[in-house]
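Shown next: work.cif, containing mmCIF, C-alpha atoms and all ligand atoms.
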```cif
data_target
#
loop_
_atom_site.group_PDB
_atom_site.id
_atom_site.type_symbol
_atom_site.label_atom_id
_atom_site.label_comp_id
_atom_site.auth_asym_id
_atom_site.auth_seq_id
_atom_site.Cartn_x
_atom_site.Cartn_y
_atom_site.Cartn_z
ATOM 1 C CA MET A 219 -6.755 -152.097 -138.930
ATOM 2 C CA ALA A 220 -5.470 -154.740 -141.334
ATOM 3 C CA THR A 221 -8.373 -156.647 -142.856
ATOM 4 C CA GLU A 222 -7.098 -160.157 -142.138
ATOM 5 C CA ASP A 223 -6.126 -159.481 -138.524
ATOM 6 C CA MET A 224 -7.986 -161.698 -136.087
ATOM 7 C CA VAL A 225 -8.767 -159.563 -133.081
ATOM 8 C CA GLY A 226 -8.632 -160.969 -129.571
ATOM 9 C CA LEU A 227 -10.696 -159.425 -126.785
ATOM 10 C CA VAL A 228 -10.166 -160.247 -123.118
ATOM 11 C CA LEU A 229 -13.159 -159.340 -120.989
ATOM 12 C CA GLY A 230 -12.779 -158.195 -117.394
ATOM 13 C CA SER A 231 -15.176 -158.198 -114.420
ATOM 14 C CA GLY A 232 -18.717 -157.398 -115.412
ATOM 15 C CA LEU A 233 -17.807 -156.910 -119.070
ATOM 16 C CA GLY A 234 -19.322 -160.218 -120.122
ATOM 17 C CA PRO A 235 -22.228 -158.460 -121.931
ATOM 18 C CA LEU A 236 -19.761 -157.638 -124.647
ATOM 19 C CA ALA A 237 -19.838 -161.307 -125.546
ATOM 20 C CA ASP A 238 -23.633 -161.184 -126.052
ATOM 21 C CA ARG A 239 -23.127 -159.103 -129.180
ATOM 22 C CA LEU A 240 -21.097 -161.751 -130.962
ATOM 23 C CA GLU A 241 -22.579 -163.528 -133.963
ATOM 24 C CA GLU A 242 -21.918 -167.085 -135.141
ATOM 25 C CA VAL A 243 -20.537 -168.019 -131.743
ATOM 26 C CA ALA A 244 -18.623 -171.176 -130.958
ATOM 27 C CA THR A 245 -17.694 -171.731 -127.313
ATOM 28 C CA ILE A 246 -14.453 -173.319 -126.155
ATOM 29 C CA PRO A 247 -14.316 -173.866 -122.374
ATOM 30 C CA PHE A 248 -11.035 -172.888 -120.717
ATOM 31 C CA ALA A 249 -10.329 -176.539 -119.875
ATOM 32 C CA GLU A 250 -10.265 -177.438 -123.576
ATOM 33 C CA ALA A 251 -7.580 -174.826 -124.130
ATOM 34 C CA GLY A 252 -5.587 -176.150 -121.166
ATOM 35 C CA LEU A 253 -6.525 -173.338 -118.781
ATOM 36 C CA PRO A 254 -7.857 -173.697 -115.245
ATOM 37 C CA SER A 255 -11.462 -172.565 -114.966
ATOM 38 C CA SER A 256 -11.748 -169.260 -113.129
ATOM 39 C CA GLY A 257 -13.568 -169.372 -109.808
ATOM 40 C CA VAL A 258 -14.389 -165.666 -109.588
ATOM 41 C CA PRO A 259 -18.033 -164.603 -110.097
ATOM 42 C CA GLY A 260 -18.304 -162.728 -113.378
ATOM 43 C CA HIS A 261 -15.288 -164.569 -114.747
ATOM 44 C CA ASP A 262 -16.798 -167.841 -116.025
ATOM 45 C CA GLY A 263 -14.049 -168.970 -118.285
ATOM 46 C CA ALA A 264 -14.472 -169.693 -121.974
ATOM 47 C CA PHE A 265 -13.172 -168.602 -125.343
ATOM 48 C CA LEU A 266 -15.791 -167.505 -127.824
ATOM 49 C CA ARG A 267 -15.132 -167.472 -131.524
ATOM 50 C CA GLY A 268 -17.442 -165.281 -133.513
ATOM 51 C CA ARG A 269 -17.987 -162.079 -135.415
ATOM 52 C CA LEU A 270 -18.357 -158.546 -134.156
ATOM 53 C CA ALA A 271 -19.194 -155.818 -136.675
ATOM 54 C CA GLY A 272 -18.431 -158.371 -139.390
ATOM 55 C CA ARG A 273 -14.885 -159.083 -138.191
ATOM 56 C CA ARG A 274 -13.539 -162.359 -136.906
ATOM 57 C CA VAL A 275 -12.880 -162.115 -133.203
ATOM 58 C CA LEU A 276 -11.759 -164.468 -130.476
ATOM 59 C CA VAL A 277 -13.079 -163.443 -127.089
ATOM 60 C CA MET A 278 -11.649 -164.602 -123.796
ATOM 61 C CA ARG A 279 -14.541 -164.317 -121.371
ATOM 62 C CA GLY A 280 -13.124 -164.262 -117.888
ATOM 63 C CA ARG A 281 -9.496 -164.683 -117.028
ATOM 64 C CA VAL A 282 -7.112 -166.391 -114.658
ATOM 65 C CA HIS A 283 -5.668 -164.291 -111.830
ATOM 66 C CA LEU A 284 -2.588 -164.405 -109.625
ATOM 67 C CA TYR A 285 -4.876 -163.938 -106.630
ATOM 68 C CA GLU A 286 -6.480 -167.303 -107.274
ATOM 69 C CA GLY A 287 -3.080 -168.822 -106.535
ATOM 70 C CA HIS A 288 -1.939 -169.247 -110.139
ATOM 71 C CA ASP A 289 1.531 -168.317 -111.345
ATOM 72 C CA ALA A 290 2.384 -165.824 -114.070
ATOM 73 C CA ALA A 291 2.722 -168.538 -116.725
ATOM 74 C CA THR A 292 -0.789 -169.852 -116.014
ATOM 75 C CA VAL A 293 -2.289 -166.354 -115.887
ATOM 76 C CA THR A 294 -0.974 -165.701 -119.402
ATOM 77 C CA ALA A 295 -1.673 -169.120 -120.940
ATOM 78 C CA GLY A 296 -4.798 -167.711 -122.615
ATOM 79 C CA VAL A 297 -2.773 -165.058 -124.406
ATOM 80 C CA ARG A 298 -0.374 -167.673 -125.764
ATOM 81 C CA TRP A 299 -3.319 -169.831 -126.826
ATOM 82 C CA MET A 300 -4.995 -166.920 -128.640
ATOM 83 C CA HIS A 301 -1.703 -166.113 -130.351
ATOM 84 C CA GLY A 302 -1.484 -169.712 -131.512
ATOM 85 C CA GLU A 303 -5.028 -169.413 -132.902
ATOM 86 C CA GLY A 304 -3.938 -166.484 -135.063
ATOM 87 C CA VAL A 305 -4.759 -163.443 -132.939
ATOM 88 C CA ALA A 306 -2.383 -160.619 -133.885
ATOM 89 C CA THR A 307 -4.226 -157.740 -132.223
ATOM 90 C CA LEU A 308 -5.268 -158.048 -128.606
ATOM 91 C CA VAL A 309 -7.554 -155.757 -126.641
ATOM 92 C CA LEU A 310 -7.407 -156.299 -122.888
ATOM 93 C CA THR A 311 -10.260 -154.937 -120.807
ATOM 94 C CA ASN A 312 -10.511 -154.763 -117.054
ATOM 95 C CA ALA A 313 -12.341 -153.265 -114.122
ATOM 96 C CA ALA A 314 -10.140 -150.892 -112.157
ATOM 97 C CA GLY A 315 -10.201 -148.466 -109.293
ATOM 98 C CA GLY A 316 -9.833 -144.861 -110.361
ATOM 99 C CA LEU A 317 -7.051 -142.727 -108.898
ATOM 100 C CA VAL A 318 -7.982 -139.457 -110.599
ATOM 101 C CA PRO A 319 -10.722 -137.438 -108.856
ATOM 102 C CA GLU A 320 -11.909 -135.988 -112.182
ATOM 103 C CA ARG A 321 -12.587 -139.423 -113.674
ATOM 104 C CA PRO A 322 -15.783 -140.784 -112.106
ATOM 105 C CA PRO A 323 -16.871 -144.399 -111.681
ATOM 106 C CA GLY A 324 -18.443 -145.695 -114.864
ATOM 107 C CA SER A 325 -15.952 -143.946 -117.124
ATOM 108 C CA TRP A 326 -13.329 -145.605 -119.309
ATOM 109 C CA MET A 327 -9.588 -145.125 -119.531
ATOM 110 C CA MET A 328 -7.314 -146.129 -122.395
ATOM 111 C CA ILE A 329 -4.122 -147.616 -120.953
ATOM 112 C CA ARG A 330 -1.121 -145.700 -122.257
ATOM 113 C CA ASP A 331 1.402 -147.509 -120.073
ATOM 114 C CA HIS A 332 1.501 -149.654 -116.969
ATOM 115 C CA LEU A 333 3.273 -150.309 -113.705
ATOM 116 C CA ASN A 334 3.790 -154.020 -113.160
ATOM 117 C CA LEU A 335 3.687 -154.224 -109.368
ATOM 118 C CA THR A 336 2.897 -157.927 -109.201
ATOM 119 C CA GLY A 337 6.507 -158.864 -108.502
ATOM 120 C CA THR A 338 6.453 -161.469 -111.246
ATOM 121 C CA SER A 339 6.625 -161.846 -115.024
ATOM 122 C CA PRO A 340 5.345 -164.383 -117.547
ATOM 123 C CA LEU A 341 8.760 -164.214 -119.211
ATOM 124 C CA GLU A 342 10.688 -165.676 -116.256
ATOM 125 C CA GLY A 343 12.809 -168.508 -117.604
ATOM 126 C CA GLY A 344 11.971 -167.468 -121.166
ATOM 127 C CA ALA A 345 12.459 -164.434 -123.395
ATOM 128 C CA ARG A 346 14.858 -161.906 -121.869
ATOM 129 C CA PHE A 347 15.170 -158.147 -122.101
ATOM 130 C CA VAL A 348 12.000 -157.595 -124.123
ATOM 131 C CA ASP A 349 11.619 -153.900 -125.000
ATOM 132 C CA LEU A 350 8.555 -152.485 -123.240
ATOM 133 C CA SER A 351 8.908 -148.871 -124.358
ATOM 134 C CA GLU A 352 5.575 -149.175 -126.168
ATOM 135 C CA VAL A 353 3.531 -152.071 -124.824
ATOM 136 C CA TYR A 354 0.230 -150.426 -125.773
ATOM 137 C CA ASP A 355 0.424 -149.822 -129.508
ATOM 138 C CA ARG A 356 0.253 -146.191 -130.535
ATOM 139 C CA GLY A 357 -1.549 -146.855 -133.831
ATOM 140 C CA LEU A 358 -4.107 -149.130 -132.215
ATOM 141 C CA ARG A 359 -4.750 -146.558 -129.508
ATOM 142 C CA ALA A 360 -5.282 -143.881 -132.140
ATOM 143 C CA ALA A 361 -7.749 -146.062 -134.043
ATOM 144 C CA ILE A 362 -9.790 -146.842 -130.916
ATOM 145 C CA HIS A 363 -9.664 -143.180 -129.879
ATOM 146 C CA ALA A 364 -11.055 -142.214 -133.268
ATOM 147 C CA ALA A 365 -13.875 -144.748 -132.902
ATOM 148 C CA ALA A 366 -14.653 -143.487 -129.386
ATOM 149 C CA GLY A 367 -14.755 -139.941 -130.726
ATOM 150 C CA ARG A 368 -17.266 -140.947 -133.407
ATOM 151 C CA ARG A 369 -19.428 -142.532 -130.707
ATOM 152 C CA GLY A 370 -19.066 -139.576 -128.351
ATOM 153 C CA VAL A 371 -17.371 -141.681 -125.672
ATOM 154 C CA GLU A 372 -14.645 -140.021 -123.618
ATOM 155 C CA LEU A 373 -11.533 -142.147 -123.418
ATOM 156 C CA PRO A 374 -8.708 -140.334 -121.656
ATOM 157 C CA GLU A 375 -5.370 -142.131 -121.507
ATOM 158 C CA GLY A 376 -3.595 -143.089 -118.317
ATOM 159 C CA VAL A 377 -1.246 -145.392 -116.490
ATOM 160 C CA TYR A 378 -2.616 -148.661 -115.055
ATOM 161 C CA ALA A 379 -0.988 -150.145 -111.974
ATOM 162 C CA GLY A 380 -1.315 -153.930 -111.785
ATOM 163 C CA LEU A 381 -1.165 -155.457 -108.293
ATOM 164 C CA ARG A 382 -1.531 -159.043 -107.136
ATOM 165 C CA GLY A 383 -4.578 -158.559 -104.892
ATOM 166 C CA PRO A 384 -6.813 -160.230 -103.870
ATOM 167 C CA GLN A 385 -7.460 -157.536 -101.284
ATOM 168 C CA TYR A 386 -8.240 -154.001 -102.373
ATOM 169 C CA GLU A 387 -5.602 -151.411 -101.548
ATOM 170 C CA THR A 388 -5.193 -149.414 -98.353
ATOM 171 C CA PRO A 389 -5.524 -145.614 -98.549
ATOM 172 C CA ALA A 390 -1.743 -145.380 -97.993
ATOM 173 C CA GLU A 391 -1.141 -147.703 -100.935
ATOM 174 C CA VAL A 392 -3.477 -145.620 -103.056
ATOM 175 C CA ARG A 393 -1.502 -142.468 -102.182
ATOM 176 C CA MET A 394 1.677 -144.333 -103.091
ATOM 177 C CA LEU A 395 0.244 -145.373 -106.453
ATOM 178 C CA ARG A 396 -0.777 -141.811 -107.265
ATOM 179 C CA THR A 397 2.740 -140.637 -106.353
ATOM 180 C CA LEU A 398 4.139 -143.279 -108.689
ATOM 181 C CA GLY A 399 2.109 -141.834 -111.544
ATOM 182 C CA ALA A 400 -0.727 -144.359 -111.737
ATOM 183 C CA ASP A 401 -4.205 -143.275 -112.853
ATOM 184 C CA ALA A 402 -5.984 -146.594 -112.233
ATOM 185 C CA VAL A 403 -5.355 -149.726 -110.207
ATOM 186 C CA GLY A 404 -6.376 -153.320 -110.746
ATOM 187 C CA MET A 405 -5.392 -156.963 -110.390
ATOM 188 C CA SER A 406 -4.925 -158.094 -113.973
ATOM 189 C CA THR A 407 -3.809 -157.077 -117.467
ATOM 190 C CA VAL A 408 -0.125 -156.228 -116.952
ATOM 191 C CA LEU A 409 1.172 -159.800 -117.241
ATOM 192 C CA GLU A 410 -1.049 -160.497 -120.247
ATOM 193 C CA ALA A 411 0.165 -157.316 -121.928
ATOM 194 C CA ILE A 412 3.812 -158.243 -121.319
ATOM 195 C CA GLN A 413 3.233 -161.729 -122.733
ATOM 196 C CA ALA A 414 1.392 -160.413 -125.778
ATOM 197 C CA LYS A 415 4.089 -157.820 -126.473
ATOM 198 C CA ALA A 416 6.807 -160.472 -126.182
ATOM 199 C CA LEU A 417 4.933 -162.501 -128.812
ATOM 200 C CA GLY A 418 4.829 -159.509 -131.147
ATOM 201 C CA MET A 419 1.112 -158.829 -130.822
ATOM 202 C CA ARG A 420 -0.391 -155.354 -131.080
ATOM 203 C CA VAL A 421 -1.883 -154.610 -127.676
ATOM 204 C CA ALA A 422 -4.476 -152.170 -126.374
ATOM 205 C CA GLY A 423 -5.861 -151.943 -122.852
ATOM 206 C CA LEU A 424 -9.141 -150.450 -121.670
ATOM 207 C CA SER A 425 -9.946 -149.926 -118.010
ATOM 208 C CA CYS A 426 -13.480 -149.484 -116.831
ATOM 209 C CA LEU A 427 -13.201 -147.320 -113.723
ATOM 210 C CA THR A 428 -15.783 -149.062 -111.580
ATOM 211 C CA ASN A 429 -15.017 -147.214 -108.333
ATOM 212 C CA TRP A 430 -12.704 -144.672 -106.816
ATOM 213 C CA ALA A 431 -9.795 -146.408 -105.129
ATOM 214 C CA ALA A 432 -9.689 -146.745 -101.331
ATOM 215 C CA GLY A 433 -9.422 -143.578 -99.307
ATOM 216 C CA MET A 434 -10.512 -141.313 -102.156
ATOM 217 C CA GLU A 435 -13.602 -139.228 -101.638
ATOM 218 C CA GLY A 436 -16.667 -141.251 -102.609
ATOM 219 C CA ALA A 437 -14.808 -144.570 -102.606
ATOM 220 C CA THR A 438 -16.949 -147.664 -102.028
ATOM 221 C CA LEU A 439 -15.290 -151.013 -102.481
ATOM 222 C CA ASP A 440 -17.678 -153.832 -103.072
ATOM 223 C CA HIS A 441 -17.232 -156.569 -105.686
ATOM 224 C CA ASP A 442 -20.943 -156.620 -106.576
ATOM 225 C CA GLU A 443 -20.899 -152.888 -107.173
ATOM 226 C CA VAL A 444 -17.747 -153.202 -109.275
ATOM 227 C CA MET A 445 -19.506 -155.827 -111.402
ATOM 228 C CA GLU A 446 -22.680 -153.774 -111.768
ATOM 229 C CA ARG A 447 -20.778 -150.656 -112.848
ATOM 230 C CA GLY A 448 -18.831 -152.789 -115.325
ATOM 231 C CA ARG A 449 -22.056 -154.188 -116.744
ATOM 232 C CA ARG A 450 -23.510 -150.729 -117.289
ATOM 233 C CA ALA A 451 -20.346 -149.334 -118.844
ATOM 234 C CA ALA A 452 -19.906 -152.415 -121.030
ATOM 235 C CA ASP A 453 -22.635 -151.300 -123.455
ATOM 236 C CA GLU A 454 -20.776 -148.084 -124.135
ATOM 237 C CA MET A 455 -17.558 -149.949 -124.908
ATOM 238 C CA VAL A 456 -19.360 -152.475 -127.118
ATOM 239 C CA GLY A 457 -20.386 -149.501 -129.247
ATOM 240 C CA VAL A 458 -16.829 -148.195 -129.439
ATOM 241 C CA LEU A 459 -15.366 -151.585 -130.330
ATOM 242 C CA GLU A 460 -18.032 -152.185 -132.978
ATOM 243 C CA GLU A 461 -17.303 -148.773 -134.428
ATOM 244 C CA TRP A 462 -13.573 -149.534 -134.473
ATOM 245 C CA LEU A 463 -13.949 -153.011 -135.974
ATOM 246 C CA GLY A 464 -16.504 -151.955 -138.543
ATOM 247 C CA GLY A 465 -14.812 -148.657 -139.391
HETATM 248 N N1 LIG B 1 -8.508 -151.863 -106.766
HETATM 249 C C1 LIG B 1 -8.024 -152.946 -107.360
HETATM 250 N N2 LIG B 1 -8.688 -153.621 -108.291
HETATM 251 C C2 LIG B 1 -9.909 -153.188 -108.644
HETATM 252 C C3 LIG B 1 -10.482 -152.057 -108.047
HETATM 253 C C4 LIG B 1 -9.744 -151.349 -107.049
HETATM 254 O O1 LIG B 1 -10.184 -150.334 -106.466
HETATM 255 N N3 LIG B 1 -11.722 -151.888 -108.621
HETATM 256 C C5 LIG B 1 -11.869 -152.882 -109.528
HETATM 257 N N4 LIG B 1 -10.778 -153.675 -109.546
#
```
Give the structure from the file, written as structure tokens.
Ligand code: HPA
Amino acid sequence: MATEDMVGLVLGSGLGPLADRLEEVATIPFAEAGLPSSGVPGHDGAFLRGRLAGRRVLVMRGRVHLYEGHDAATVTAGVRWMHGEGVATLVLTNAAGGLVPERPPGSWMMIRDHLNLTGTSPLEGGARFVDLSEVYDRGLRAAIHAAAGRRGVELPEGVYAGLRGPQYETPAEVRMLRTLGADAVGMSTVLEAIQAKALGMRVAGLSCLTNWAAGMEGATLDHDEVMERGRRAADEMVGVLEEWLGG
């Protein structure tokens, strides 16, 4: 990665421990950046400036969701704020339901592409016809893959389907998503990725598969369990991101 790049990291459900590894931290509550504070447990909203593996990073701990009743512009306000602060490379993390039987809960997926099934866009009324043929930057993906390889962390690529929520999916919806080519499903990330791409940022997305999606064998859908799985898997991803940033 380019030396002067400031890296932005958006932390999903249960991935807060990533923030504990930051050094020289300054905290900026969401309200100070003009964002509503998130009311979801595990999403206490603040930006954290600091260093990870010696690099300057800006972490968005927690995010704003459509399912809290916010619109697409509000959900993506943090991305625009980070861009204004000088973030050129953005890594979006999330907790997601897995749609691939071979990828068990607790494993990670690198987002290669997404399905925006939220029915909305942060670009409504703004930039038109933005090219989304490569939202998730090929070079950035390769660099994070290399770091994961050095750490012995498996990071298969896949397609993330972003839905509005707040309810989990029905088994019929899960079958539909698999038919559509999705490998993971969640309630965030896609709008942020679209906004970041429209601003010219390099974007990567990492899904922590915290559970199998509804109707799949072994599926258990419980927010506390999702958070706990995220917490455990977070350590692994901290290692990969440190390896990438420091490498
Ligand atoms: N579905 C949608 N969002 C999620 C899931 C899921 O199964 N798990 C974590 N976030």
Can you tell me, as a PyMOL selection string, what residues are no more than 9 Å from segment 282-299 of chain A when counting only C-alpha atoms, ignoring any on the same chain fewer than 5 positions away? chain A and resi 226+228+248+251-258+261+263+265+304-305+308+336+338-342+382-385+405-406+409-411+413-414+417
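Among all protein and nucleic acid residues, the ones that lie within 8 Å of ligand LIG 1 (chain B) when counting only C-alpha atoms and all ligand atoms are A:Ser231, A:Asn312, A:Ala313, A:Ala314, A:Gly315, A:Gly316, A:Leu381, A:Gly383, A:Gln385, A:Tyr386, A:Glu387, A:Ala402, A:Val403, A:Gly404, A:Met405, A:Leu427, A:Thr428, A:Asn429, A:Trp430, A:Ala431, A:Ala432, A:Leu439, A:His441, A:Val444.
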Could you please take those selected residues and save C-alpha atoms as a PDB file, in the frame of the given file?
```pdb
ATOM      1  CA  SER A 231     -15.176-158.198-114.420  1.00  0.00           C
ATOM      2  CA  ASN A 312     -10.511-154.763-117.054  1.00  0.00           C
ATOM      3  CA  ALA A 313     -12.341-153.265-114.122  1.00  0.00           C
ATOM      4  CA  ALA A 314     -10.140-150.892-112.157  1.00  0.00           C
ATOM      5  CA  GLY A 315     -10.201-148.466-109.293  1.00  0.00           C
ATOM      6  CA  GLY A 316      -9.833-144.861-110.361  1.00  0.00           C
ATOM      7  CA  LEU A 381      -1.165-155.457-108.293  1.00  0.00           C
ATOM      8  CA  GLY A 383      -4.578-158.559-104.892  1.00  0.00           C
ATOM      9  CA  GLN A 385      -7.460-157.536-101.284  1.00  0.00           C
ATOM     10  CA  TYR A 386      -8.240-154.001-102.373  1.00  0.00           C
ATOM     11  CA  GLU A 387      -5.602-151.411-101.548  1.00  0.00           C
ATOM     12  CA  ALA A 402      -5.984-146.594-112.233  1.00  0.00           C
ATOM     13  CA  VAL A 403      -5.355-149.726-110.207  1.00  0.00           C
ATOM     14  CA  GLY A 404      -6.376-153.320-110.746  1.00  0.00           C
ATOM     15  CA  MET A 405      -5.392-156.963-110.390  1.00  0.00           C
ATOM     16  CA  LEU A 427     -13.201-147.320-113.723  1.00  0.00           C
ATOM     17  CA  THR A 428     -15.783-149.062-111.580  1.00  0.00           C
ATOM     18  CA  ASN A 429     -15.017-147.214-108.333  1.00  0.00           C
ATOM     19  CA  TRP A 430     -12.704-144.672-106.816  1.00  0.00           C
ATOM     20  CA  ALA A 431      -9.795-146.408-105.129  1.00  0.00           C
ATOM     21  CA  ALA A 432      -9.689-146.745-101.331  1.00  0.00           C
ATOM     22  CA  LEU A 439     -15.290-151.013-102.481  1.00  0.00           C
ATOM     23  CA  HIS A 441     -17.232-156.569-105.686  1.00  0.00           C
ATOM     24  CA  VAL A 444     -17.747-153.202-109.275  1.00  0.00           C
TER      25      VAL A 444
END
```
Determine the nearest neighbour of Gly465 of chain A from the options A:Ala400, A:Ile362, A:Ala437, A:Val309, counting all atoms listed in the file. A:Ile362
Residue among A:Glu446, A:Trp462, A:Arg279, A:Leu335 lying closest to Glu391 of chain A, counting all atoms listed in the file: A:Leu335
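For the set A:Thr407, A:Thr388, A:Thr397, A:Ser325, the residue with the smallest atom-to-atom gap to Gly433 of chain A is A:Thr388, counting only C-alpha atoms.
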Considering only C-alpha atoms, return as an MDAnalysis selection string whatever protein or nucleic-acid residues lie within 6 Å of Val458 of chain A, sequence-local ones (same chain, fewer than 3 positions apart) excluded. chainID A and resid 365:366 455 461
Env of Ala264 of chain A: 8 Å cut, atoms = all atoms listed in the file, seq-sep filter 4 positions within chain, self excluded. Answer as a PyMOL selection string. chain A and resi 245-248+278-280
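Distance check against Val371 of chain A using all atoms listed in the file: of A:Val348, A:Val456, A:Leu333, A:Val353, the minimum falls on A:Val456.
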So which residues fall inside 6 Å of (-8.1, -144.7, -121.5) if we count all atoms listed in the file? Mind giving them as a PyMOL selection string? chain A and resi 326-329+373-376+424
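Distance-wise, atom CA of Ala249 of chain A and atom CA of Leu270 of chain A end up 24.3 Å apart.
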For atom CA of Gly418 of chain A and atom CA of Asp223 of chain A, determine how far apart the two atoms are, in Å to one decimal place. 13.2 Å
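With distances restricted to all atoms listed in the file, A:Val225 is the closest residue to Gly268 of chain A from A:Arg447, A:Met394, A:Val225, A:Gly464.
Minimum atom-to-atom distance to Lys415 of chain A, evaluated using only C-alpha atoms, belongs to A:Asp355 out of A:Glu303, A:Glu443, A:Asp355, A:Glu320.
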Which residues come within 10 Å of segment 235-238 of chain A, counting only C-alpha atoms, excluding same-chain residues fewer than 2 positions away, as a ChimeraX atom specification? /A:227,229,232-233,240-241,243,265-268,270,276-279,448-457,459
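Computed from the coordinates, the atom CA of Arg396 of chain A to atom CA of Arg356 of chain A distance equals 23.7 Å.
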